[in-house]
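A.B. asks: The structure is given below, and queries will be raised subsequently.
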Amino acid sequence: MSLLKLENVTKCFGGLVAVNQVSLEIEAGQFVGIVGPNGSGKTTLFNVISGVYFPEEGSVIFDDLDITHYPPYKRARLGIARTFQIPRPFSSATVRENIAVGAMFGSLSGKVGVDASLKIADHIIDRVGLQDHRNKPSGTLTPVEKKLMEIARALAMKPKLLLMDEAMAGMHPNDIDQMVAFIKDIAVEEKIGIVAMVEHIMRAVVGMAEKVIVLHQGSKIVDAPTKEALEDPKVVEVYFGRAPEE
Amino acid sequence: MKKDISKYYPLIPVFAAYLVLFLVGRNISGMWQLVAMLLFYSALGQAFNIFLGMTGYVDFGYVAFMGVGTYGMALAITKLAHIEGLGIWIIIIGFILALLMSTLLSMAVGAVALRLRGAYFAIATIGVNEGFRFFIEGARIWNGSEGIIFVAELNQILGRKTASSLMTYGADIIVLVIAVLAAVVTLCYMRSKIGYALTALREDEDAAKVMGINTTKYKIIAFITSACFAGLVGASSWALKTPYVFPPEVFEIHYTVEAIIIVLLGGAGTLLGPLAGGLIYGISKYYLSILLPGFQLLIFAPIIIIIIVLFPEGVVGMLKCKLRDSTLARFII
């Protein structure tokens, strides 16, 4: 049984079809990379999964539940967490409070109180290595630290599915390797299904994903194990263009 | 389970400030009038802060809740005046009615307006108090534009002596109690899930939703709580202090603007801010009108502009920033 299933999802903005008849499946605990050039519909797809947009057509099924028209907060409680391409911290709140919000309102919502959430936050802060910034307002962090905090905040939600929107963009290659290793560890521990959407950073995709879904102009063109997908002539063409005709 | 008392330390400066105010008013002759005004402004700020400060939404129709609160008290007193032996209980019934009416109005307004965001919410609420005022006048509800005068009923029920001390001191003491209560509720909210949810939605509403926060629910909680306190302030500071109510006086947008200034001066979303803002605003307004009658607004406006420019997060917001990491930080939030 798959954790997340999209069936023929279409999302339009006026005349522009941003996501066109996309179907896909993600198993629990599976690492999936969604890649594609700029404007291929990756972020829109994420927004449809996390409930920021409702699709015009098709359905979103999570854990055997049709959540196509669920508001975002209900999906978060079911276990869908996401990070944003441009980090969106709750700036005036400290790093600890930001992460505690994740624990308080995520899939543990109603089960943990404020104090327990702060404890979870402390634990995660130690795991991701943000100890020195624990009580700093999150608005004062560097961009990379903000990304790290967003991932921590999403992990605190104890999600079944974690959507990471270009979480590694702007990181040093060594940090990316570390981050990939860390996310893999924690995902296995917590049985989190992961969609890492990384566009330019193939290093992270190759290091992490078991399967890759390639989007191009809103449609899915390839859905295959990582190595196969990246060697697929259609993918090569999308990224590098066609070889000149002899 | 062991309760962590240190959580409630920030209430100490709040209590201390109100105690000092009370003692100054009682013991220095001629000061009560100023103290009463300061209490009114602080209570108004403290109540409005629960919505404006914690959610970041600007409600221009806020005074309407004070208005219906005033009507609640007035109606209770005039309609129940014929019942023998109610005595002081009539005041309590009045407060309950004020609470009920401001809750109902805030639910009605909130259900519609809180679906809007930012500037659209502000615009939608501008019409609330004007609309309500014209509704009362036009439909001739509760005596329409003639208002309700209930000095006689108050004297009759409570006796002349009690009634007059209620008008001169009692009402202000009740305002003090309401202000303290509002501060306690603010801190309880801050320390609970509600506070975390409100901070998150104030900073980034979309991100908050994706994090699992039912933003509409928490906005409505803050809105109704804030409106309830406004109703109580209206019922005591307006209805009991001056036992009459006229629509143009209680639905005057001027008070909403004052409330906004107080909250922003002191520091939106802080516990001590509305109190600090109320004191700064009240004291400067009072003394400027004595020292420079006629020119007070001319001087007052630049003072407010200077404070806002110097401390964009309010006086207490600035203090909080300066004191971070020091021991005092535990007392000032």
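A note on labels: chains of the structure tokens are A, B, ... as shown, every chain counts residues from 1, and ligands are counted from 1 in their shown order.
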Write down, as a count of residues only, each residue of chain A that has any atom within 9 Å of an atom of chain B, counting only C-alpha atoms.
C.D. replies: 36
A.B. asks: Within 10 Å of Ile283 in chain B, counting only C-alpha atoms, which residues show up once you throw out same-chain ones fewer than 4 positions away? Write them as a PyMOL selection string, please.
C.D. replies: chain B and resi 34-35+37-38+277-279+287-289
A.B. asks: Tell me, in Å to one decimal, how far CA of Gly144 in chain B is from CA of Ile83 in chain B.
C.D. replies: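 That distance, rounded to one decimal, is 24.6 Å.
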A.B. asks: Excluding range 229-238 of chain B and any residue of its chain fewer than 6 positions from it, enumerate the residues within 6 Å of it, using only C-alpha atoms, and give them as a list in words.
C.D. replies: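 Everything that qualifies: Ala47, Phe65, Met66, Gly69, Thr70, Met73, Ala98, Leu99, Ser102 and Ala171 of chain B.
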A.B. asks: Using only C-alpha atoms, which residues sit within 10 Å of Glu313 in chain B once same-chain residues fewer than 2 positions away are excluded, as an MDAnalysis selection string?
C.D. replies: chainID B and resid 264:270 273 307:311 315:321
A.B. asks: CA of Ile86 in chain A and CA of Lys146 in chain A, how far apart in Å?
C.D. replies: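 Computed distance, CA of Lys146 in chain A to CA of Ile86 in chain A, equals 9.2 Å.
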A.B. asks: So that I can see what lies close to His82 in chain B, please list as a VMD selection string the residues with an atom at most 12 Å from it, counting only C-alpha atoms and leaving out residues fewer than 4 positions away in the same chain.
C.D. replies: chain B and resid 76 to 78 86 to 87 90 152 to 154 156 to 157
A.B. asks: Export N, CA and C atoms of the chosen residues as a PDB file, in the first residue's frame?
C.D. replies:
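Output saved as part-v4.pdb:
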ATOM      1  N   ALA B  76     -29.297  46.413  31.497  1.00  0.00           N
ATOM      2  CA  ALA B  76     -29.529  45.625  32.713  1.00  0.00           C
ATOM      3  C   ALA B  76     -30.095  46.516  33.807  1.00  0.00           C
ATOM      4  N   ILE B  77     -29.493  47.697  33.952  1.00  0.00           N
ATOM      5  CA  ILE B  77     -29.927  48.581  35.040  1.00  0.00           C
ATOM      6  C   ILE B  77     -31.330  49.142  34.787  1.00  0.00           C
ATOM      7  N   THR B  78     -31.624  49.577  33.569  1.00  0.00           N
ATOM      8  CA  THR B  78     -32.946  50.171  33.329  1.00  0.00           C
ATOM      9  C   THR B  78     -34.056  49.119  33.324  1.00  0.00           C
ATOM     10  N   LEU B  86     -32.450  43.711  44.458  1.00  0.00           N
ATOM     11  CA  LEU B  86     -31.316  43.218  43.665  1.00  0.00           C
ATOM     12  C   LEU B  86     -30.003  43.807  44.182  1.00  0.00           C
ATOM     13  N   GLY B  87     -30.082  45.067  44.585  1.00  0.00           N
ATOM     14  CA  GLY B  87     -28.905  45.742  45.140  1.00  0.00           C
ATOM     15  C   GLY B  87     -27.723  45.690  44.190  1.00  0.00           C
ATOM     16  N   ILE B  90     -27.238  43.804  40.618  1.00  0.00           N
ATOM     17  CA  ILE B  90     -27.630  44.323  39.313  1.00  0.00           C
ATOM     18  C   ILE B  90     -26.391  44.688  38.492  1.00  0.00           C
ATOM     19  N   ALA B 152     -30.941  57.963  37.614  1.00  0.00           N
ATOM     20  CA  ALA B 152     -32.018  57.827  38.587  1.00  0.00           C
ATOM     21  C   ALA B 152     -32.153  56.381  39.042  1.00  0.00           C
ATOM     22  N   GLU B 153     -32.144  55.442  38.091  1.00  0.00           N
ATOM     23  CA  GLU B 153     -32.280  54.027  38.436  1.00  0.00           C
ATOM     24  C   GLU B 153     -31.130  53.566  39.324  1.00  0.00           C
ATOM     25  N   LEU B 154     -29.924  54.035  38.963  1.00  0.00           N
ATOM     26  CA  LEU B 154     -28.749  53.631  39.734  1.00  0.00           C
ATOM     27  C   LEU B 154     -28.861  54.120  41.176  1.00  0.00           C
ATOM     28  N   GLN B 156     -31.616  54.843  42.716  1.00  0.00           N
ATOM     29  CA  GLN B 156     -32.747  54.178  43.356  1.00  0.00           C
ATOM     30  C   GLN B 156     -32.356  52.779  43.864  1.00  0.00           C
ATOM     31  N   ILE B 157     -31.594  52.062  43.039  1.00  0.00           N
ATOM     32  CA  ILE B 157     -31.254  50.680  43.402  1.00  0.00           C
ATOM     33  C   ILE B 157     -30.181  50.631  44.482  1.00  0.00           C
TER      34      ILE B 157
END
A.B. asks: May I have all residues of range 182-227 of chain A that DSSP, computed from the backbone, assigns to alpha helix (DSSP H), given as an MDAnalysis selection string?
C.D. replies: chainID A and resid 182:190 202:208 226:227
A.B. asks: Can I get the selection written as a short mmCIF file (atom, residue, chain, number, x, y, z; two decimals), in the first residue's frame, with N, CA and C atoms?
C.D. replies:
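What ended up in out_0.cif:
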data_model
loop_
_atom_site.label_atom_id
_atom_site.label_comp_id
_atom_site.auth_asym_id
_atom_site.auth_seq_id
_atom_site.Cartn_x
_atom_site.Cartn_y
_atom_site.Cartn_z
N PHE A 182 22.29 12.79 7.52
CA PHE A 182 21.47 13.03 8.70
C PHE A 182 19.99 12.76 8.43
N ILE A 183 19.52 13.28 7.31
CA ILE A 183 18.10 13.10 7.00
C ILE A 183 17.78 11.63 6.78
N LYS A 184 18.71 10.93 6.13
CA LYS A 184 18.49 9.49 5.91
C LYS A 184 18.37 8.77 7.24
N ASP A 185 19.30 9.08 8.15
CA ASP A 185 19.27 8.43 9.47
C ASP A 185 17.94 8.66 10.16
N ILE A 186 17.58 9.92 10.23
CA ILE A 186 16.40 10.25 11.02
C ILE A 186 15.13 9.71 10.35
N ALA A 187 15.13 9.68 9.03
CA ALA A 187 13.95 9.17 8.32
C ALA A 187 13.78 7.68 8.57
N VAL A 188 14.91 6.96 8.62
CA VAL A 188 14.81 5.53 8.88
C VAL A 188 14.32 5.31 10.31
N GLU A 189 14.88 6.09 11.23
CA GLU A 189 14.45 5.99 12.63
C GLU A 189 12.96 6.22 12.77
N GLU A 190 12.48 7.26 12.11
CA GLU A 190 11.09 7.67 12.33
C GLU A 190 10.15 7.15 11.25
N MET A 202 22.23 17.81 -7.95
CA MET A 202 22.12 16.39 -8.25
C MET A 202 22.86 15.57 -7.21
N ARG A 203 23.87 16.20 -6.61
CA ARG A 203 24.64 15.52 -5.57
C ARG A 203 23.70 15.00 -4.49
N ALA A 204 22.76 15.83 -4.08
CA ALA A 204 21.82 15.43 -3.03
C ALA A 204 20.83 14.39 -3.55
N VAL A 205 20.37 14.56 -4.78
CA VAL A 205 19.42 13.60 -5.35
C VAL A 205 20.04 12.22 -5.43
N VAL A 206 21.25 12.19 -6.01
CA VAL A 206 21.91 10.91 -6.21
C VAL A 206 22.22 10.27 -4.86
N GLY A 207 22.61 11.12 -3.90
CA GLY A 207 22.97 10.59 -2.58
C GLY A 207 21.79 10.08 -1.80
N MET A 208 20.62 10.50 -2.14
CA MET A 208 19.50 10.23 -1.28
C MET A 208 18.38 9.42 -1.92
N THR A 226 16.65 5.88 -9.48
CA THR A 226 17.47 7.06 -9.71
C THR A 226 18.43 6.96 -10.89
N LYS A 227 19.23 5.89 -10.93
CA LYS A 227 20.27 5.81 -11.94
C LYS A 227 19.65 5.77 -13.34
#
A.B. asks: So how many Å separate CA of Gly218 in chain A and CA of Glu231 in chain A, to one decimal?
C.D. replies: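 Going from CA of Gly218 in chain A over to CA of Glu231 in chain A, I get 20.5 Å.
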A.B. asks: Residues near Leu65 in chain A, anyone? I mean within 10 Å using only C-alpha atoms, not counting same-chain ones fewer than 5 positions away, as a PyMOL selection string.
C.D. replies: chain A and resi 3-5+60+78
A.B. asks: Based on DSSP run over this structure's backbone, return all residues of range 75-171 of chain A in strand (DSSP E or B), as a PyMOL selection string.
C.D. replies: chain A and resi 80-82+94+137+161-165
A.B. asks: What lies within 7 Å of range 115-130 of chain A using only C-alpha atoms, ignoring chain neighbours under 3 positions off, as a compact mmCIF listing (two decimals) with C-alpha atoms, in the first residue's frame?
C.D. replies:
# COMPACT_ATOMS: atom_id res chain seq x y z
CA ARG A 96 13.39 26.57 20.13
CA ILE A 99 10.58 23.92 16.46
CA ALA A 100 8.20 23.47 19.40
CA ALA A 103 5.77 19.34 17.73
CA MET A 104 2.69 21.02 19.18
CA VAL A 112 1.75 16.78 23.68
CA HIS A 133 21.20 29.24 18.40
CA ARG A 134 18.59 27.69 20.67
CA ALA A 152 14.09 20.59 12.22
CA ALA A 156 9.38 17.90 15.05
